[in-house]
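This is coords-v5.txt (compact mmCIF, C-alpha atoms and all ligand atoms).
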```txt
# COMPACT_ATOMS: atom_id res chain seq x y z
CA MET A 245 -0.96 64.37 193.52
CA SER A 246 0.17 66.47 190.59
CA LYS A 247 2.80 65.46 188.05
CA THR A 248 4.94 68.45 188.96
CA CYS A 249 5.74 66.87 192.31
CA CYS A 250 7.87 64.24 190.64
CA PRO A 251 11.46 64.61 189.46
CA ARG A 252 12.54 64.22 185.84
CA VAL A 253 15.84 62.81 187.03
CA ILE A 254 16.26 60.54 190.05
CA VAL A 255 19.82 59.86 191.14
CA ASN A 256 20.23 56.66 193.12
CA PHE A 257 23.45 57.01 195.11
CA LYS A 258 23.44 53.22 195.79
CA VAL A 259 26.21 52.18 198.20
CA TYR A 260 29.13 53.33 196.10
CA SER A 261 32.29 54.25 198.02
CA GLU A 262 32.02 57.68 196.38
CA VAL A 263 29.06 58.47 198.67
CA GLU A 264 30.34 57.12 201.95
CA GLY A 265 30.30 59.49 204.91
CA THR A 266 30.09 63.21 204.17
CA ARG A 267 30.50 62.63 200.44
CA ALA A 268 26.80 61.79 200.15
CA PHE A 269 26.01 65.23 201.58
CA ASN A 270 28.30 66.89 199.04
CA LEU A 271 26.63 65.09 196.14
CA ALA A 272 23.17 65.93 197.50
CA LYS A 273 24.13 69.62 197.61
CA ILE A 274 25.35 69.46 194.01
CA CYS A 275 22.05 67.88 192.92
CA ARG A 276 20.16 70.59 194.79
CA LYS A 277 22.27 73.35 193.19
CA VAL A 278 21.74 72.09 189.65
CA SER A 279 18.05 71.52 190.26
CA THR A 280 17.50 74.98 191.75
CA GLU A 281 19.50 76.81 189.09
CA SER A 282 17.94 74.95 186.16
CA GLY A 283 14.38 74.61 187.45
CA VAL A 284 14.46 70.91 186.51
CA LYS A 285 13.36 68.75 189.41
CA ILE A 286 16.03 66.27 190.51
CA GLY A 287 15.33 63.64 193.17
CA ILE A 288 17.90 61.65 195.09
CA CYS A 289 18.18 58.32 196.90
CA PRO A 290 21.13 58.65 199.27
CA PRO A 291 22.58 55.72 201.20
CA MET A 292 20.20 54.62 203.93
CA LEU A 293 22.45 55.75 206.79
CA SER A 294 22.52 59.36 205.61
CA ALA A 295 19.13 59.71 203.90
CA ALA A 296 17.20 61.24 206.80
CA ALA A 297 19.91 63.80 207.60
CA ILE A 298 20.26 64.71 203.93
CA ALA A 299 16.50 65.14 203.63
CA GLN A 300 16.72 67.76 206.39
CA LEU A 301 19.50 69.55 204.59
CA VAL A 302 18.25 69.86 201.00
CA ASP A 303 14.89 70.93 199.64
CA ILE A 304 14.79 68.52 196.70
CA PRO A 305 12.88 65.21 196.90
CA VAL A 306 14.80 62.64 198.91
CA TYR A 307 13.71 59.01 198.66
CA SER A 308 14.79 55.92 200.52
CA GLN A 309 16.54 53.21 198.48
CA HIS A 310 14.32 50.57 200.04
CA VAL A 311 11.41 50.12 202.43
CA ASP A 312 10.06 47.04 204.20
CA PRO A 313 6.33 46.31 204.56
CA LEU A 314 6.42 46.34 208.34
CA ALA A 315 4.45 48.19 210.96
CA PRO A 316 6.37 49.73 213.86
CA GLY A 317 7.18 47.18 216.54
CA SER A 318 9.60 44.36 217.07
CA GLY A 319 11.81 43.82 214.05
CA THR A 320 15.52 44.41 213.58
CA GLY A 321 17.34 46.00 210.67
CA TYR A 322 14.26 47.05 208.73
CA VAL A 323 13.11 50.38 207.32
CA THR A 324 9.40 50.88 207.86
CA PRO A 325 7.13 53.30 206.01
CA SER A 326 6.29 54.84 209.38
CA MET A 327 10.00 55.50 210.02
CA LEU A 328 10.33 57.25 206.66
CA HIS A 329 7.21 59.26 207.39
CA SER A 330 8.75 60.53 210.62
CA THR A 331 11.57 62.21 208.61
CA GLU A 332 11.70 64.64 205.66
CA ILE A 333 12.14 61.68 203.28
CA ARG A 334 9.30 61.82 200.77
CA GLY A 335 9.07 58.24 199.61
CA SER A 336 10.98 55.19 198.53
CA LEU A 337 12.30 53.05 195.75
CA ILE A 338 10.77 49.59 195.96
CA ASN A 339 12.00 46.37 194.36
CA HIS A 340 15.22 47.74 192.91
CA SER A 341 16.97 45.13 190.80
CA GLU A 342 19.66 44.98 193.50
CA HIS A 343 17.07 44.60 196.28
CA ARG A 344 14.20 42.55 194.91
CA GLN A 345 11.01 41.91 196.86
CA PRO A 346 8.22 39.37 196.33
CA ILE A 347 5.10 40.75 194.67
CA GLU A 348 3.11 40.53 197.94
CA SER A 349 5.69 42.74 199.67
CA ILE A 350 5.67 45.20 196.78
CA SER A 351 1.90 45.50 197.00
CA LYS A 352 1.98 45.94 200.77
CA CYS A 353 4.77 48.53 200.64
CA ILE A 354 2.86 50.59 198.07
CA SER A 355 -0.30 50.47 200.12
CA MET A 356 1.43 51.31 203.43
CA CYS A 357 3.33 54.18 201.81
CA LYS A 358 0.16 55.56 200.24
CA ASP A 359 -1.54 55.60 203.64
CA LEU A 360 1.27 57.85 204.85
CA ASP A 361 1.45 60.03 201.72
CA LEU A 362 4.84 58.64 200.79
CA VAL A 363 5.66 58.53 197.08
CA THR A 364 6.65 55.16 195.62
CA CYS A 365 8.92 54.42 192.67
CA VAL A 366 8.77 50.71 191.94
CA CYS A 367 11.40 49.11 189.73
CA ALA A 368 10.60 46.44 187.15
CA GLU A 369 12.91 44.39 184.97
CA SER A 370 10.42 43.81 182.15
CA VAL A 371 7.21 45.08 180.57
CA GLU A 372 5.34 42.13 182.09
CA LYS A 373 6.58 42.88 185.60
CA ALA A 374 5.73 46.56 185.16
CA VAL A 375 2.15 45.64 184.23
CA GLU A 376 1.88 43.37 187.27
CA ILE A 377 3.08 46.23 189.49
CA ALA A 378 0.89 48.85 187.76
CA LYS A 379 -2.20 47.14 189.18
CA PHE A 380 -1.19 48.49 192.61
CA SER A 381 -0.97 52.05 191.24
CA PRO A 382 2.36 53.27 192.58
CA ARG A 383 3.19 56.91 191.73
CA MET A 384 6.13 55.87 189.54
CA ILE A 385 7.37 52.73 187.81
CA ALA A 386 10.99 52.54 186.62
CA VAL A 387 11.83 49.92 184.03
CA GLU A 388 15.45 48.81 184.16
CA PRO A 389 16.88 45.80 182.28
CA PRO A 390 19.28 44.33 184.89
CA GLU A 391 21.94 43.40 182.34
CA LEU A 392 22.40 47.07 181.38
CA ILE A 393 22.65 48.43 184.93
CA GLY A 394 26.02 49.99 185.69
CA GLY A 395 27.14 49.69 182.07
CA ASP A 396 27.98 52.23 179.42
CA VAL A 397 25.14 51.48 177.00
CA SER A 398 21.90 53.26 177.78
CA VAL A 399 18.63 51.36 177.84
CA THR A 400 17.32 54.05 175.49
CA SER A 401 19.65 52.89 172.72
CA ALA A 402 20.11 49.20 173.64
CA ASN A 403 16.43 48.48 174.17
CA PRO A 404 14.16 51.42 173.27
CA GLU A 405 11.25 48.98 172.86
CA ILE A 406 11.24 48.15 176.56
CA VAL A 407 10.83 51.85 177.34
CA SER A 408 8.01 52.59 174.89
CA GLY A 409 6.45 49.17 175.56
CA THR A 410 6.40 49.78 179.32
CA VAL A 411 4.93 53.25 178.90
CA GLU A 412 2.14 51.91 176.70
CA ALA A 413 1.38 48.87 178.83
CA VAL A 414 1.48 50.70 182.18
CA LYS A 415 -0.67 53.58 180.94
CA ALA A 416 -3.24 51.04 179.75
CA VAL A 417 -3.55 49.81 183.35
CA ASP A 418 -3.32 53.18 185.09
CA PRO A 419 -2.71 56.36 183.07
CA ASP A 420 -1.71 58.30 186.20
CA ILE A 421 1.45 56.29 186.81
CA LEU A 422 4.62 58.09 185.74
CA VAL A 423 6.99 55.78 183.89
CA TYR A 424 10.76 56.11 184.20
CA CYS A 425 13.56 54.15 182.61
CA GLY A 426 17.06 53.44 183.79
CA ALA A 427 20.26 51.46 183.22
CA GLY A 428 23.28 52.92 181.50
CA VAL A 429 21.81 56.42 181.22
CA LYS A 430 24.74 58.80 180.99
CA ASN A 431 23.94 62.03 179.15
CA GLY A 432 21.38 64.55 177.95
CA GLU A 433 20.75 62.73 174.69
CA ASP A 434 19.81 59.57 176.62
CA VAL A 435 17.38 61.58 178.75
CA LYS A 436 15.84 63.25 175.70
CA THR A 437 15.43 59.88 173.98
CA ALA A 438 13.76 58.50 177.12
CA ILE A 439 11.27 61.35 177.11
CA ASP A 440 10.71 61.01 173.35
CA LEU A 441 9.93 57.32 173.96
CA GLY A 442 7.20 58.39 176.39
CA ALA A 443 9.01 58.16 179.72
CA TYR A 444 8.42 60.91 182.25
CA GLY A 445 12.01 60.76 183.44
CA VAL A 446 15.05 58.64 184.22
CA LEU A 447 16.46 56.77 187.19
CA LEU A 448 20.24 56.57 187.13
CA ALA A 449 23.25 56.01 189.35
CA SER A 450 26.81 55.40 188.14
CA GLY A 451 26.79 58.13 185.46
CA VAL A 452 26.51 60.73 188.22
CA VAL A 453 27.81 59.04 191.37
CA LYS A 454 31.03 57.76 189.83
CA ALA A 455 31.67 60.83 187.68
CA LYS A 456 34.80 62.94 188.25
CA ASP A 457 32.64 66.04 187.94
CA PRO A 458 29.03 65.16 188.89
CA GLU A 459 27.88 68.76 188.53
CA SER A 460 28.74 68.97 184.83
CA VAL A 461 27.23 65.53 184.22
CA LEU A 462 24.00 66.65 185.87
CA ARG A 463 23.93 69.84 183.82
CA ASP A 464 24.43 67.79 180.67
CA LEU A 465 21.70 65.31 181.68
CA ILE A 466 19.05 68.01 181.92
CA LYS A 467 20.17 70.24 179.08
CA LEU A 468 17.59 68.99 176.54
CA ILE A 469 14.57 68.78 178.85
O1 LIG B 501 18.83 52.79 190.23
C1 LIG B 501 19.41 53.14 189.02
C2 LIG B 501 20.20 52.06 188.44
O2 LIG B 501 19.87 50.77 188.70
C3 LIG B 501 20.78 52.31 187.12
O3 LIG B 501 22.12 52.30 187.39
O4 LIG B 501 24.44 52.88 187.05
O5 LIG B 501 23.10 52.00 185.17
O6 LIG B 501 22.68 54.30 186.02
P1 LIG B 501 23.13 52.90 186.33
```
When written as structure tokens, how does the structure in this file appear?
Amino acid sequence: MSKTCCPRVIVNFKVYSEVEGTRAFNLAKICRKVSTESGVKIGICPPMLSAAAIAQLVDIPVYSQHVDPLAPGSGTGYVTPSMLHSTEIRGSLINHSEHRQPIESISKCISMCKDLDLVTCVCAESVEKAVEIAKFSPRMIAVEPPELIGGDVSVTSANPEIVSGTVEAVKAVDPDILVYCGAGVKNGEDVKTAIDLGAYGVLLASGVVKAKDPESVLRDLIKLI
């Protein structure tokens, strides 16, 4: 799989009230517009209830916010890789800080998704965790210090070492993995710093989802790429 398949910016809509109902569709269309006009690939993780419908509507990468390592069959309230594969959704976040999974589940999710050509972006809270996850060779690893998530200070300024350290350590295990960083990322300078630190891109949420004008925030985020 080539690098160009992967977004520089991934917007996780989370379950904010700002993306309930049709508002998730509106934000997805804004992300698509900015991505198409700028040529910078933007991926999105809409709320689970609307993700499949949004993936049919927009031609930018749509990922699930979570996936469970389950085969189709009896099981209630899960999202299986096979289910994702049956839609236009292209992959999934795994082990987000707000939806942690044990390491065995992470490994199984990655492997099941790979079998179905689904892209995986696995979150890690530390360099050590990222290295542990890198052994399973997901397509992307996103390092996010939990204490900075949802705040106003970007990981790129609060803890640049975790970004460069993760890039170096992950690449030593598997140079094909694309490393992202997230937590507090809000503007184009933060994105540029992330890339200067060796990251391929950023994973962010509140800076876009909770913005009064998400379109101008998105344009600002990608302006220095
Ligand atoms: O999934 C992205 C996220 O955890 C970072 O959130 O609001 O700090 O951009 P935020």
Taking only residues of range 419-468 of chain A that have an atom at most 12 Å from an atom of range 385-399 of chain A, what is each one's shortest atom pair and its distance in Å to one decimal, using all atoms listed in the file, in chain and number order, as a Markdown table?
```
| residue | atom | partner | partner_atom | distance |
| --- | --- | --- | --- | --- |
| A:Pro419 | CA | A:Ile385 | CA | 11.7 |
| A:Asp420 | CA | A:Ile385 | CA | 10.8 |
| A:Ile421 | CA | A:Ile385 | CA | 7.0 |
| A:Leu422 | CA | A:Ile385 | CA | 6.4 |
| A:Val423 | CA | A:Ile385 | CA | 5.0 |
| A:Tyr424 | CA | A:Ala386 | CA | 4.3 |
| A:Cys425 | CA | A:Val387 | CA | 4.8 |
| A:Gly426 | CA | A:Glu388 | CA | 4.9 |
| A:Ala427 | CA | A:Ile393 | CA | 4.2 |
| A:Gly428 | CA | A:Ser398 | CA | 4.0 |
| A:Val429 | CA | A:Ser398 | CA | 4.7 |
| A:Lys430 | CA | A:Ser398 | CA | 7.0 |
| A:Asn431 | CA | A:Ser398 | CA | 9.1 |
| A:Gly432 | CA | A:Ser398 | CA | 11.3 |
| A:Glu433 | CA | A:Ser398 | CA | 10.0 |
| A:Asp434 | CA | A:Ser398 | CA | 6.7 |
| A:Val435 | CA | A:Ser398 | CA | 9.5 |
| A:Lys436 | CA | A:Ser398 | CA | 11.9 |
| A:Thr437 | CA | A:Val399 | CA | 9.9 |
| A:Ala438 | CA | A:Val399 | CA | 8.7 |
| A:Leu441 | CA | A:Val399 | CA | 11.2 |
| A:Ala443 | CA | A:Ala386 | CA | 9.1 |
| A:Tyr444 | CA | A:Ala386 | CA | 9.8 |
| A:Gly445 | CA | A:Ala386 | CA | 8.9 |
| A:Val446 | CA | A:Ala386 | CA | 7.7 |
| A:Leu447 | CA | A:Ala386 | CA | 6.9 |
| A:Leu448 | CA | A:Ile393 | CA | 8.8 |
| A:Ala449 | CA | A:Gly394 | CA | 7.6 |
| A:Ser450 | CA | A:Gly394 | CA | 6.0 |
| A:Gly451 | CA | A:Gly394 | CA | 8.2 |
| A:Val452 | CA | A:Gly394 | CA | 11.0 |
| A:Val453 | CA | A:Gly394 | CA | 10.8 |
| A:Lys454 | CA | A:Gly394 | CA | 10.1 |
```
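Candidate residues A:Leu360, A:Gln345, A:Gly283, A:Thr400 were compared for distance to ligand LIG 501 (chain B), and the nearest is A:Thr400, using only C-alpha atoms and all ligand atoms.
With only C-alpha atoms as the atoms that count, the residue of A:Lys456, A:Lys358, A:Lys415, A:His343 with the shortest distance to Val375 in chain A is A:Lys415.
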Problem set entry | Spatial neighbours of Cys365 in chain A, 12 Å, only C-alpha atoms, chain gap at least 5 places, as a ChimeraX atom specification | /A:250-251,254,256,287-289,306-311,334-340,350,353-354,357-358,374,377-378,380-387,421-425,445-447
Problem set entry | Separation of CA of Ala402 in chain A from CA of Ser282 in chain A, in Å and rounded to one decimal | 28.7 Å
Problem set entry | Interatomic distance, CA of Leu271 in chain A to CA of Pro290 in chain A (Å, one decimal) |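 Between these atoms lies a distance of 9.0 Å.
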Final N, CA and C atoms of range 289-304 of chain A as a PDB file, in the coordinates of the input:
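Once written, selection_37.pdb looks like this:
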```
ATOM      1  N   CYS A 289      18.316  59.448 195.969  1.00  0.00           N
ATOM      2  CA  CYS A 289      18.180  58.320 196.900  1.00  0.00           C
ATOM      3  C   CYS A 289      19.551  58.092 197.538  1.00  0.00           C
ATOM      4  N   PRO A 290      19.823  58.794 198.620  1.00  0.00           N
ATOM      5  CA  PRO A 290      21.130  58.650 199.270  1.00  0.00           C
ATOM      6  C   PRO A 290      21.243  57.304 199.982  1.00  0.00           C
ATOM      7  N   PRO A 291      22.455  56.951 200.404  1.00  0.00           N
ATOM      8  CA  PRO A 291      22.580  55.720 201.200  1.00  0.00           C
ATOM      9  C   PRO A 291      21.681  55.788 202.424  1.00  0.00           C
ATOM     10  N   MET A 292      21.198  54.646 202.862  1.00  0.00           N
ATOM     11  CA  MET A 292      20.200  54.620 203.930  1.00  0.00           C
ATOM     12  C   MET A 292      20.669  55.324 205.207  1.00  0.00           C
ATOM     13  N   LEU A 293      21.962  55.177 205.531  1.00  0.00           N
ATOM     14  CA  LEU A 293      22.450  55.750 206.790  1.00  0.00           C
ATOM     15  C   LEU A 293      22.393  57.275 206.799  1.00  0.00           C
ATOM     16  N   SER A 294      22.494  57.896 205.629  1.00  0.00           N
ATOM     17  CA  SER A 294      22.520  59.360 205.610  1.00  0.00           C
ATOM     18  C   SER A 294      21.246  59.987 205.063  1.00  0.00           C
ATOM     19  N   ALA A 295      20.305  59.164 204.600  1.00  0.00           N
ATOM     20  CA  ALA A 295      19.130  59.710 203.900  1.00  0.00           C
ATOM     21  C   ALA A 295      18.314  60.696 204.739  1.00  0.00           C
ATOM     22  N   ALA A 296      18.053  60.355 205.985  1.00  0.00           N
ATOM     23  CA  ALA A 296      17.200  61.240 206.800  1.00  0.00           C
ATOM     24  C   ALA A 296      17.888  62.579 207.056  1.00  0.00           C
ATOM     25  N   ALA A 297      19.183  62.545 207.343  1.00  0.00           N
ATOM     26  CA  ALA A 297      19.910  63.800 207.600  1.00  0.00           C
ATOM     27  C   ALA A 297      19.988  64.635 206.329  1.00  0.00           C
ATOM     28  N   ILE A 298      20.188  63.983 205.194  1.00  0.00           N
ATOM     29  CA  ILE A 298      20.260  64.710 203.930  1.00  0.00           C
ATOM     30  C   ILE A 298      18.905  65.347 203.602  1.00  0.00           C
ATOM     31  N   ALA A 299      17.849  64.613 203.914  1.00  0.00           N
ATOM     32  CA  ALA A 299      16.500  65.140 203.630  1.00  0.00           C
ATOM     33  C   ALA A 299      16.211  66.399 204.443  1.00  0.00           C
ATOM     34  N   GLN A 300      16.893  66.544 205.578  1.00  0.00           N
ATOM     35  CA  GLN A 300      16.720  67.760 206.390  1.00  0.00           C
ATOM     36  C   GLN A 300      17.514  68.916 205.817  1.00  0.00           C
ATOM     37  N   LEU A 301      18.552  68.557 205.077  1.00  0.00           N
ATOM     38  CA  LEU A 301      19.500  69.550 204.590  1.00  0.00           C
ATOM     39  C   LEU A 301      19.104  70.164 203.245  1.00  0.00           C
ATOM     40  N   VAL A 302      18.535  69.371 202.364  1.00  0.00           N
ATOM     41  CA  VAL A 302      18.250  69.860 201.000  1.00  0.00           C
ATOM     42  C   VAL A 302      16.745  69.865 200.731  1.00  0.00           C
ATOM     43  N   ASP A 303      16.323  70.831 199.914  1.00  0.00           N
ATOM     44  CA  ASP A 303      14.890  70.930 199.640  1.00  0.00           C
ATOM     45  C   ASP A 303      14.519  70.341 198.279  1.00  0.00           C
ATOM     46  N   ILE A 304      15.203  69.291 197.885  1.00  0.00           N
ATOM     47  CA  ILE A 304      14.790  68.520 196.700  1.00  0.00           C
ATOM     48  C   ILE A 304      14.253  67.188 197.214  1.00  0.00           C
TER      49      ILE A 304
END
```
